[in-house]
$ cat protein23.txt   # compact mmCIF, C-alpha atoms and all ligand atoms
# COMPACT_ATOMS: atom_id res chain seq x y z
CA MET A 1 41.41 120.50 121.45
CA ALA A 2 38.63 121.03 124.01
CA ASN A 3 36.39 118.67 125.92
CA VAL A 4 32.67 119.32 126.01
CA LEU A 5 30.33 118.77 128.97
CA VAL A 6 26.76 118.35 127.78
CA PHE A 7 23.61 118.26 129.90
CA ALA A 8 21.37 115.42 128.65
CA GLU A 9 17.75 116.15 129.53
CA SER A 10 15.45 113.44 130.78
CA ARG A 11 11.83 113.57 131.82
CA ALA A 12 9.99 111.09 134.01
CA GLY A 13 12.86 108.61 133.72
CA ASP A 14 13.13 108.78 129.93
CA LEU A 15 15.68 110.55 127.76
CA ARG A 16 14.26 113.39 125.73
CA LYS A 17 15.05 113.60 122.02
CA VAL A 18 16.74 116.94 122.73
CA ALA A 19 19.32 115.01 124.80
CA LEU A 20 20.45 113.13 121.69
CA GLU A 21 20.43 116.35 119.67
CA ALA A 22 22.58 118.03 122.33
CA VAL A 23 25.05 115.12 122.36
CA THR A 24 25.26 115.31 118.55
CA ALA A 25 25.91 119.06 118.79
CA ALA A 26 28.53 118.44 121.49
CA ARG A 27 30.24 115.81 119.29
CA THR A 28 30.33 118.34 116.42
CA LEU A 29 31.80 120.96 118.74
CA ALA A 30 34.44 118.56 120.06
CA GLU A 31 35.47 117.54 116.52
CA GLN A 32 35.59 121.16 115.35
CA SER A 33 37.83 122.09 118.25
CA GLY A 34 40.38 119.41 117.40
CA GLY A 35 38.94 116.13 118.70
CA GLY A 36 38.11 116.56 122.38
CA GLN A 37 36.00 114.25 124.53
CA VAL A 38 32.25 114.55 125.06
CA HIS A 39 31.00 113.89 128.59
CA ALA A 40 27.24 113.83 129.14
CA VAL A 41 25.60 114.51 132.50
CA LEU A 42 22.51 112.35 133.03
CA ALA A 43 20.46 113.16 136.15
CA GLY A 44 17.40 111.36 137.48
CA ALA A 45 15.97 109.00 140.04
CA ALA A 46 17.32 105.47 140.53
CA GLY A 47 17.44 103.62 137.21
CA ILE A 48 18.30 106.61 135.00
CA ALA A 49 21.73 105.03 134.36
CA GLY A 50 19.93 102.60 132.04
CA LYS A 51 19.52 105.47 129.57
CA ALA A 52 23.27 106.08 129.24
CA GLU A 53 23.64 103.67 126.33
CA ALA A 54 21.68 105.89 123.93
CA LEU A 55 24.00 108.80 124.79
CA ALA A 56 27.09 106.67 124.06
CA ALA A 57 25.47 105.60 120.78
CA HIS A 58 25.27 109.25 119.76
CA GLY A 59 28.84 110.18 120.60
CA ALA A 60 29.24 110.55 124.38
CA ASP A 61 32.68 109.25 125.38
CA LYS A 62 31.57 109.12 129.00
CA VAL A 63 28.23 109.47 130.77
CA LEU A 64 28.37 111.04 134.23
CA VAL A 65 25.37 109.60 136.06
CA LEU A 66 23.73 111.57 138.85
CA GLU A 67 21.20 109.22 140.44
CA HIS A 68 19.18 110.49 143.40
CA GLU A 69 15.48 110.70 144.22
CA GLY A 70 16.01 114.48 144.48
CA PHE A 71 16.52 114.49 140.68
CA ALA A 72 13.31 112.59 139.87
CA LEU A 73 11.95 116.00 138.82
CA TYR A 74 13.91 119.00 137.53
CA ASN A 75 16.08 120.36 140.37
CA PRO A 76 17.60 123.67 139.21
CA GLU A 77 19.67 124.52 142.30
CA ALA A 78 21.39 121.17 142.72
CA LEU A 79 21.94 120.74 138.98
CA ALA A 80 23.40 124.24 138.57
CA ALA A 81 25.77 123.69 141.49
CA THR A 82 26.88 120.28 140.19
CA LEU A 83 27.37 121.39 136.59
CA ALA A 84 29.24 124.54 137.67
CA GLY A 85 31.49 122.37 139.85
CA LEU A 86 32.30 120.07 136.94
CA LEU A 87 32.91 122.95 134.55
CA GLN A 88 35.10 125.05 136.81
CA GLY A 89 37.83 122.43 137.18
CA GLY A 90 39.39 123.33 133.81
CA ALA A 91 38.67 119.95 132.23
CA TYR A 92 36.12 121.36 129.80
CA GLY A 93 36.38 124.07 127.18
CA TYR A 94 32.60 124.11 126.60
CA GLY A 95 29.34 123.44 128.41
CA LEU A 96 26.37 122.67 126.17
CA PHE A 97 22.63 122.72 126.98
CA SER A 98 19.36 122.37 125.09
CA ALA A 99 17.43 125.62 124.74
CA THR A 100 14.28 124.03 126.18
CA SER A 101 12.39 125.52 129.11
CA HIS A 102 14.65 123.61 131.51
CA GLY A 103 17.81 124.50 129.58
CA ARG A 104 16.79 128.17 129.46
CA ASP A 105 16.41 128.10 133.22
CA LEU A 106 19.51 126.07 133.99
CA SER A 107 22.18 127.42 131.63
CA PRO A 108 22.11 131.06 132.89
CA ARG A 109 22.31 129.79 136.48
CA VAL A 110 25.47 127.87 135.60
CA ALA A 111 26.90 130.83 133.63
CA ALA A 112 26.26 133.17 136.57
CA LYS A 113 27.92 130.79 139.03
CA LEU A 114 30.98 130.57 136.79
CA GLY A 115 30.96 134.23 135.72
CA VAL A 116 31.27 133.23 132.06
CA GLY A 117 29.38 134.03 128.86
CA LEU A 118 26.44 132.07 127.48
CA ALA A 119 25.31 132.04 123.85
CA ALA A 120 21.70 130.94 124.14
CA ASP A 121 19.32 129.34 121.67
CA LEU A 122 21.75 128.80 118.80
CA THR A 123 20.53 127.36 115.52
CA GLY A 124 24.07 126.64 114.33
CA PHE A 125 27.70 127.20 115.24
CA ALA A 126 31.28 126.70 114.07
CA VAL A 127 34.62 126.95 115.82
CA GLU A 128 36.61 129.74 114.14
CA GLY A 129 40.09 130.63 115.29
CA GLY A 130 39.54 128.90 118.62
CA ALA A 131 36.25 130.67 119.40
CA VAL A 132 32.70 129.42 118.94
CA VAL A 133 30.78 131.54 116.48
CA GLY A 134 27.05 130.84 116.73
CA GLN A 135 23.83 131.93 115.04
CA HIS A 136 21.04 133.18 117.28
CA PRO A 137 17.73 134.40 115.79
CA ILE A 138 16.58 137.73 117.29
CA ASN A 139 13.81 140.31 116.74
CA ASN A 140 11.20 137.60 116.27
CA ALA A 141 13.71 135.71 114.10
CA LYS A 142 13.72 138.48 111.47
CA VAL A 143 17.44 138.92 112.10
CA VAL A 144 20.07 136.31 112.81
CA ALA A 145 22.77 137.56 115.16
CA THR A 146 26.24 136.09 114.92
CA LEU A 147 27.81 135.70 118.34
CA ALA A 148 31.47 134.97 119.04
CA LEU A 149 32.10 133.38 122.43
CA SER A 150 35.48 133.75 123.99
CA GLY A 151 36.79 132.57 127.33
CA SER A 152 36.70 129.16 128.91
CA PRO A 153 34.54 127.39 129.65
CA ALA A 154 32.20 128.90 127.06
CA LEU A 155 28.54 127.96 127.51
CA LEU A 156 26.02 127.54 124.73
CA SER A 157 22.52 126.21 124.29
CA VAL A 158 21.12 124.82 121.07
CA ARG A 159 17.56 125.21 119.83
CA PRO A 160 15.51 122.00 119.84
CA ALA A 161 15.53 120.31 116.42
CA ALA A 162 18.30 122.58 115.09
CA PHE A 163 20.59 119.53 115.23
CA GLN A 164 19.28 116.13 114.20
CA PRO A 165 20.58 113.22 116.33
CA VAL A 166 23.36 111.37 114.48
CA ALA A 167 24.58 107.91 115.48
CA ALA A 168 28.29 108.03 116.42
CA ALA A 169 28.75 104.96 118.58
CA ARG A 170 31.25 105.02 121.39
CA PRO A 171 31.86 102.16 123.85
CA LEU A 172 29.60 102.69 126.85
CA ALA A 173 31.56 104.29 129.71
CA THR A 174 29.71 105.54 132.76
CA GLU A 175 30.82 107.15 135.98
CA ALA A 176 28.58 107.71 139.00
CA ILE A 177 28.89 111.25 140.32
CA THR A 178 27.33 112.92 143.34
CA SER A 179 25.49 116.19 143.62
CA ALA A 180 27.53 119.22 144.72
CA VAL A 181 24.75 120.07 147.19
CA ASP A 182 22.07 117.95 148.86
CA PRO A 183 19.35 117.72 146.18
CA SER A 184 16.66 117.21 148.83
CA ALA A 185 17.56 120.51 150.52
CA SER A 186 16.95 122.79 147.51
CA ARG A 187 15.04 126.00 148.18
CA VAL A 188 13.41 125.64 144.75
CA LYS A 189 11.33 122.47 144.54
CA VAL A 190 9.51 121.23 141.49
CA VAL A 191 6.64 119.41 143.14
CA GLU A 192 4.76 118.04 140.17
CA LEU A 193 5.15 117.40 136.47
CA LYS A 194 1.92 117.79 134.52
CA GLN A 195 2.20 116.37 131.06
CA GLY A 196 -0.47 117.26 128.54
CA ASN A 197 -1.29 114.69 125.88
CA THR A 198 1.02 112.02 127.26
CA ASP A 199 0.00 109.65 124.50
CA LYS A 200 0.99 112.16 121.84
CA ILE A 201 4.35 113.18 120.45
CA ASP A 202 5.81 116.37 121.97
CA LEU A 203 6.04 119.44 119.71
CA ASN A 204 9.81 119.61 120.22
CA ASP A 205 10.24 115.94 119.32
CA ALA A 206 7.98 115.86 116.26
CA PRO A 207 9.57 115.89 112.79
CA VAL A 208 6.22 117.07 111.40
CA ILE A 209 3.91 119.70 112.91
CA VAL A 210 0.40 120.45 111.71
CA ALA A 211 -0.47 123.83 113.22
CA GLY A 212 -3.88 125.43 113.10
CA GLY A 213 -5.02 129.02 113.41
CA ARG A 214 -8.23 130.97 113.73
CA GLY A 215 -9.03 130.01 110.14
CA LEU A 216 -10.25 126.68 111.53
CA LYS A 217 -13.15 128.61 113.07
CA ALA A 218 -13.83 126.34 116.09
CA ALA A 219 -12.13 123.97 118.52
CA GLU A 220 -13.82 120.88 117.08
CA HIS A 221 -12.40 121.58 113.63
CA PHE A 222 -8.90 120.85 114.95
CA LYS A 223 -9.93 117.25 114.29
CA LEU A 224 -8.81 118.02 110.71
CA CYS A 225 -5.28 118.79 111.98
CA GLU A 226 -5.36 115.73 114.26
CA ASP A 227 -6.36 113.51 111.32
CA LEU A 228 -3.51 114.79 109.16
CA ALA A 229 -1.04 114.38 112.04
CA GLU A 230 -2.26 110.84 112.61
CA ALA A 231 -1.89 110.04 108.90
CA PHE A 232 1.76 111.12 109.05
CA GLY A 233 2.22 109.03 112.20
CA ASN A 234 5.13 111.14 113.48
CA ALA A 235 3.40 114.50 113.74
CA ALA A 236 2.19 116.79 116.53
CA VAL A 237 -0.53 119.43 116.43
CA GLY A 238 0.35 123.04 117.26
CA ALA A 239 -1.64 126.27 117.37
CA THR A 240 -1.47 130.04 117.28
CA ARG A 241 -2.00 132.22 120.32
CA ALA A 242 -5.36 133.37 118.97
CA VAL A 243 -6.45 129.75 119.22
CA THR A 244 -5.02 129.01 122.67
CA ASP A 245 -6.35 132.32 124.05
CA ASP A 246 -9.80 131.29 122.86
CA GLY A 247 -9.39 127.97 124.68
CA TRP A 248 -9.64 125.86 121.51
CA ARG A 249 -6.29 124.23 122.32
CA PRO A 250 -4.17 124.05 125.51
CA HIS A 251 -1.53 126.74 126.01
CA SER A 252 1.16 124.05 125.79
CA ASP A 253 0.33 123.81 122.04
CA GLN A 254 1.05 127.50 121.38
CA ILE A 255 3.89 128.21 118.97
CA GLY A 256 5.53 131.62 118.77
CA GLN A 257 7.20 134.42 120.64
CA THR A 258 5.30 133.72 123.85
CA GLY A 259 4.91 130.00 123.17
CA ARG A 260 7.10 127.18 121.95
CA ASN A 261 10.06 127.46 119.54
CA VAL A 262 10.00 124.65 117.02
CA SER A 263 12.11 123.65 114.01
CA PRO A 264 10.55 120.50 112.53
CA ASP A 265 11.40 119.05 109.13
CA LEU A 266 7.91 119.95 107.94
CA TYR A 267 5.59 122.66 109.32
CA ILE A 268 2.07 122.83 107.94
CA ALA A 269 0.35 126.12 108.82
CA ALA A 270 -3.41 125.81 108.33
CA GLY A 271 -5.57 128.93 108.57
CA ILE A 272 -2.73 130.94 110.12
CA SER A 273 -2.20 134.56 109.02
CA GLY A 274 1.54 134.63 109.77
CA ALA A 275 1.76 137.32 112.46
CA ILE A 276 5.35 138.17 113.34
CA GLN A 277 4.89 136.74 116.85
CA HIS A 278 3.87 133.39 115.41
CA LEU A 279 6.71 133.35 112.86
CA ALA A 280 9.18 133.90 115.72
CA GLY A 281 8.53 130.37 116.93
CA MET A 282 8.49 128.43 113.65
CA ARG A 283 10.34 130.25 110.86
CA THR A 284 13.44 128.04 111.30
CA SER A 285 11.39 124.97 110.26
CA ARG A 286 13.07 123.19 107.34
CA THR A 287 10.07 123.15 105.02
CA ILE A 288 6.98 125.32 105.55
CA VAL A 289 3.66 124.64 103.84
CA ALA A 290 0.96 127.29 104.27
CA ILE A 291 -2.75 126.86 103.59
CA ASN A 292 -4.74 130.07 103.57
CA LYS A 293 -7.68 131.30 101.54
CA ASP A 294 -6.22 134.81 101.43
CA LYS A 295 -3.50 134.86 98.76
CA ASP A 296 -1.98 137.96 100.40
CA ALA A 297 -1.65 136.40 103.88
CA PRO A 298 1.84 137.18 105.31
CA ILE A 299 2.48 133.49 106.01
CA PHE A 300 3.04 132.97 102.26
CA LYS A 301 6.14 135.23 102.40
CA ILE A 302 8.04 132.62 104.41
CA ALA A 303 6.35 129.48 103.07
CA ASP A 304 8.27 127.10 100.81
CA TYR A 305 4.94 125.87 99.41
CA GLY A 306 1.73 127.89 99.49
CA ILE A 307 -1.75 126.50 98.96
CA VAL A 308 -4.34 129.20 98.40
CA GLY A 309 -7.48 127.41 99.48
CA ASP A 310 -9.98 126.55 102.17
CA VAL A 311 -8.61 124.50 105.07
CA PHE A 312 -11.88 122.56 105.18
CA GLU A 313 -11.13 121.23 101.68
CA VAL A 314 -7.33 121.18 101.67
CA LEU A 315 -6.69 119.41 105.02
CA PRO A 316 -8.91 116.38 104.25
CA ALA A 317 -7.36 116.17 100.76
CA LEU A 318 -3.83 116.20 102.24
CA THR A 319 -4.83 113.55 104.81
CA ALA A 320 -6.18 111.32 102.06
CA ALA A 321 -3.02 111.88 99.97
CA VAL A 322 -0.69 111.02 102.88
CA LYS A 323 -2.70 107.88 103.65
CA ALA A 324 -2.63 106.86 99.98
CA ALA A 325 1.13 107.50 99.74
CA LYS A 326 1.75 105.41 102.86
CA ALA A 327 -0.42 102.57 101.62
CA SER A 328 1.34 102.33 98.24
C1 LIG B 1 3.08 140.38 122.82
C2 LIG B 1 2.41 139.41 121.87
C3 LIG B 1 2.84 138.10 121.86
C4 LIG B 1 2.25 137.18 120.98
N1 LIG B 1 2.71 135.89 120.97
C5 LIG B 1 2.18 135.04 120.05
C6 LIG B 1 2.67 133.71 119.95
O1 LIG B 1 3.54 133.26 120.70
N2 LIG B 1 2.13 132.91 119.00
C7 LIG B 1 1.15 133.32 118.15
O2 LIG B 1 0.70 132.53 117.30
N3 LIG B 1 0.66 134.58 118.24
C8 LIG B 1 1.13 135.42 119.18
N4 LIG B 1 0.61 136.68 119.27
C9 LIG B 1 -0.63 136.99 118.52
C10 LIG B 1 -0.36 137.35 117.05
O3 LIG B 1 -0.09 138.73 116.96
C11 LIG B 1 -1.60 137.01 116.18
O4 LIG B 1 -2.71 137.69 116.72
C12 LIG B 1 -1.92 135.54 116.09
O5 LIG B 1 -0.77 134.79 115.77
C13 LIG B 1 -2.96 135.34 114.99
O6 LIG B 1 -3.39 134.00 115.01
P1 LIG B 1 -4.08 133.36 113.72
O7 LIG B 1 -3.11 133.39 112.58
O8 LIG B 1 -4.61 132.05 114.17
O9 LIG B 1 -5.34 134.27 113.49
P2 LIG B 1 -5.67 135.43 112.37
O10 LIG B 1 -4.58 136.43 112.39
O11 LIG B 1 -7.02 135.82 112.67
O12 LIG B 1 -5.55 134.62 111.01
C14 LIG B 1 -6.46 133.67 110.57
C15 LIG B 1 -6.11 133.34 109.12
O13 LIG B 1 -6.93 132.30 108.68
C16 LIG B 1 -7.27 132.54 107.32
N5 LIG B 1 -8.52 131.83 107.07
C17 LIG B 1 -9.76 132.11 107.53
N6 LIG B 1 -10.62 131.17 107.13
C18 LIG B 1 -9.92 130.27 106.40
C19 LIG B 1 -10.26 129.08 105.72
N7 LIG B 1 -11.51 128.58 105.74
N8 LIG B 1 -9.29 128.42 105.04
C20 LIG B 1 -8.01 128.90 105.01
N9 LIG B 1 -7.64 130.02 105.66
C21 LIG B 1 -8.59 130.69 106.34
C22 LIG B 1 -7.40 134.05 107.22
O14 LIG B 1 -7.20 134.47 105.88
C23 LIG B 1 -6.29 134.51 108.16
O15 LIG B 1 -5.08 134.71 107.44
C24 LIG B 1 1.19 137.61 120.14
C25 LIG B 1 0.78 138.94 120.17
C26 LIG B 1 1.37 139.82 121.03
C27 LIG B 1 0.91 141.27 121.01
$ encode --input "protein23.txt" --output "structure tokens"
Amino acid sequence: MANVLVFAESRAGDLRKVALEAVTAARTLAEQSGGGQVHAVLAGAAGIAGKAEALAAHGADKVLVLEHEGFALYNPEALAATLAGLLQGGAYGYGLFSATSHGRDLSPRVAAKLGVGLAADLTGFAVEGGAVVGQHPINNAKVVATLALSGSPALLSVRPAAFQPVAAARPLATEAITSAVDPSASRVKVVELKQGNTDKIDLNDAPVIVAGGRGLKAAEHFKLCEDLAEAFGNAAVGATRAVTDDGWRPHSDQIGQTGRNVSPDLYIAAGISGAIQHLAGMRTSRTIVAINKDKDAPIFKIADYGIVGDVFEVLPALTAAVKAAKAS
């Protein structure tokens, strides 16, 4: 039996969906290791404690609340020191993070402070013979490495959307904790959070992604992707690097090796060739639909459904079909 400490990410005072995914993953890990407790660390400015209930609803036995103005924005130094302090006491067998940009920054800092191993960006795991054995896509996700983590505490991070949040209600139990170091005195200061498309669903939170490539020919034609995303209602628009480099879409929309890693339920690739660097960021999507007028485009090799056709005909037809299906 091992307890799990999970870092629950928030942004601008709100829980991120990845926080619920991480708590679900932590619950799974606790059950697999014989029924340990899940404690979630929730850091933010005054009022963040109000978000603890959602963590309890997804399986956190206790929420450790770290409220301080110094945590209003991501504070890597103070968080790493606090999490390392909690983990080094021997109370936890595992520390679990989301493999987001913050989690990728924070988890190695904690691992280095503790001198323990970290299995990063896992798409799945199981406890086998007392050790966590996890799957980690490598070489642009062409190969899946199996990693066995020994030692305690063992740290792992899970890829966004690899675990869907599952309700597992626990009675709400919170405990106020303090930062191991003064959060206002950090040498690293995040001074501003710039959110693109605040009115739109984040790529990591979207169950459906409509991604466009150079096949759309011009920035204004991304309206076709926007229309389809809007018809779904729960979709975000992504892009290839060719598109973001040309300035058709912001860099925050780029999916791939040097962009975002996504694993939505449905990924629609419109006018995308399927370069290995793009596949690296989306090939773990549950269902992939590719639209390309070239029947030999590499994207069709990994697509579950392939539509050989012109995006300017297929996207409007799909939008109309989704609208009709929703109306009926
Ligand atoms: C170090 C490095 C890192 C990189 N990182 C990334 C990354 O993170 N993400 C990323 O995406 N790329 C990345 N790239 C770039 C990558 O190699 C490709 O150049 C890029 O993904 C291609 O984008 P694309 O599919 O939009 O364009 P293209 O490769 O030009 O493909 C356009 C596709 O559209 C199709 N098409 C054209 N017209 C139509 C039409 N009317 N209807 C339907 N289909 C049509 C064509 O048949 C073609 O298959 C990286 C490259 C390097 C070297």
$ atom_distance --input "protein23.txt" --atom1 "atom CA of Leu172 of chain A" --atom2 "atom CA of Val23 of chain A"
14.0 Å
$ closest_residue --input "protein23.txt" --among "A:Thr244, A:Thr258, A:Ser328, A:Ser285" --to "ligand LIG 1 (chain B)" --atoms "only C-alpha atoms and all ligand atoms"
A:Thr258
$ residues_around --input "protein23.txt" --residues "Leu155 of chain A" --least-positions-apart "2" --cutoff "10 Å" --atoms "only C-alpha atoms" --output "ChimeraX atom specification"
/A:4-6,87,93-97,107-108,110-111,114,116-120,132,149-153,157
$ residues_near_ligand --input "protein23.txt" --ligand "ligand LIG 1 (chain B)" --cutoff "10 Å" --atoms "all atoms listed in the file" --output "ChimeraX atom specification"
/A:140,211-217,238-245,251,253-261,269-282,290-300,307-315
$ closest_residue --input "protein23.txt" --among "A:Val133, A:Ala176, A:Leu73, A:Ala218" --to "Ala145 of chain A" --atoms "all atoms listed in the file"
A:Val133
$ residues_around --input "protein23.txt" --residues "segment 124-129 of chain A" --least-positions-apart "2" --cutoff "10 Å" --atoms "only C-alpha atoms" --output "short mmCIF file (atom, residue, chain, number, x, y, z; two decimals) with C-alpha atoms, in the frame of the given file"
data_model
loop_
_atom_site.label_atom_id
_atom_site.label_comp_id
_atom_site.auth_asym_id
_atom_site.auth_seq_id
_atom_site.Cartn_x
_atom_site.Cartn_y
_atom_site.Cartn_z
CA ALA A 25 25.91 119.06 118.79
CA THR A 28 30.33 118.34 116.42
CA LEU A 29 31.80 120.96 118.74
CA ALA A 30 34.44 118.56 120.06
CA GLU A 31 35.47 117.54 116.52
CA GLN A 32 35.59 121.16 115.35
CA SER A 33 37.83 122.09 118.25
CA GLY A 34 40.38 119.41 117.40
CA ASP A 121 19.32 129.34 121.67
CA LEU A 122 21.75 128.80 118.80
CA ALA A 131 36.25 130.67 119.40
CA VAL A 132 32.70 129.42 118.94
CA VAL A 133 30.78 131.54 116.48
CA GLY A 134 27.05 130.84 116.73
CA GLN A 135 23.83 131.93 115.04
CA HIS A 136 21.04 133.18 117.28
CA THR A 146 26.24 136.09 114.92
CA LEU A 147 27.81 135.70 118.34
CA ALA A 148 31.47 134.97 119.04
CA LEU A 149 32.10 133.38 122.43
CA LEU A 156 26.02 127.54 124.73
CA VAL A 158 21.12 124.82 121.07
CA ARG A 159 17.56 125.21 119.83
CA ALA A 162 18.30 122.58 115.09
CA PHE A 163 20.59 119.53 115.23
#
$ closest_atom_pairs --input "protein23.txt" --of "segment 63-166 of chain A" --to "segment 181-184 of chain A" --cutoff "12 Å" --atoms "all atoms listed in the file" --output "tab-separated table"
residue	atom	partner	partner_atom	distance
A:Leu66	CA	A:Pro183	CA	10.5
A:Glu67	CA	A:Pro183	CA	10.4
A:His68	CA	A:Pro183	CA	7.7
A:Glu69	CA	A:Ser184	CA	8.1
A:Gly70	CA	A:Pro183	CA	5.0
A:Phe71	CA	A:Pro183	CA	7.0
A:Ala72	CA	A:Pro183	CA	10.1
A:Leu73	CA	A:Pro183	CA	10.6
A:Tyr74	CA	A:Pro183	CA	10.3
A:Asn75	CA	A:Pro183	CA	7.2
A:Pro76	CA	A:Pro183	CA	9.3
A:Glu77	CA	A:Pro183	CA	7.8
A:Ala78	CA	A:Pro183	CA	5.3
A:Leu79	CA	A:Pro183	CA	8.2
A:Ala80	CA	A:Val181	CA	9.7
A:Ala81	CA	A:Val181	CA	6.8
A:Thr82	CA	A:Val181	CA	7.3
A:Leu83	CA	A:Val181	CA	11.0
A:Ala84	CA	A:Val181	CA	11.4
A:Gly85	CA	A:Val181	CA	10.2
$ residues_around --input "protein23.txt" --residues "Ile209 of chain A" --least-positions-apart "2" --cutoff "6 Å" --atoms "only C-alpha atoms" --output "list of chain:residue names"
A:Ala235, A:Ala236, A:Val237, A:Tyr267
$ atom_distance --input "protein23.txt" --atom1 "atom CA of Val262 of chain A" --atom2 "atom CA of Glu230 of chain A"
19.0 Å
$ atom_distance --input "protein23.txt" --atom1 "atom CA of Gly247 of chain A" --atom2 "atom CA of Gln195 of chain A"
17.6 Å
$ axis_aligned_box --input "protein23.txt" --around "segment 129-132 of chain A" --padding-each-side "4 Å" --output "lines of an AutoDock Vina configuration file"
center_x = 36.4
center_y = 129.8
center_z = 117.3
size_x = 15.4
size_y = 9.8
size_z = 12.1
$ residues_around --input "protein23.txt" --residues "Thr319 of chain A" --least-positions-apart "3" --cutoff "8 Å" --atoms "only C-alpha atoms" --output "JSON, numbers by chain"
{"A": [227, 228, 231, 315, 316, 322, 323]}
$ residues_around --input "protein23.txt" --residues "Ala161 of chain A" --least-positions-apart "6" --cutoff "9 Å" --atoms "only C-alpha atoms" --output "number ranges by chain"
A: 17-18, 21, 123, 204-207, 262-265, 285
$ residues_near_point --input "protein23.txt" --point "(40.1, 122.7, 124.3)" --cutoff "7 Å" --atoms "all atoms listed in the file" --output "MDAnalysis selection string"
chainID A and resid 1:3 33 36 92:93
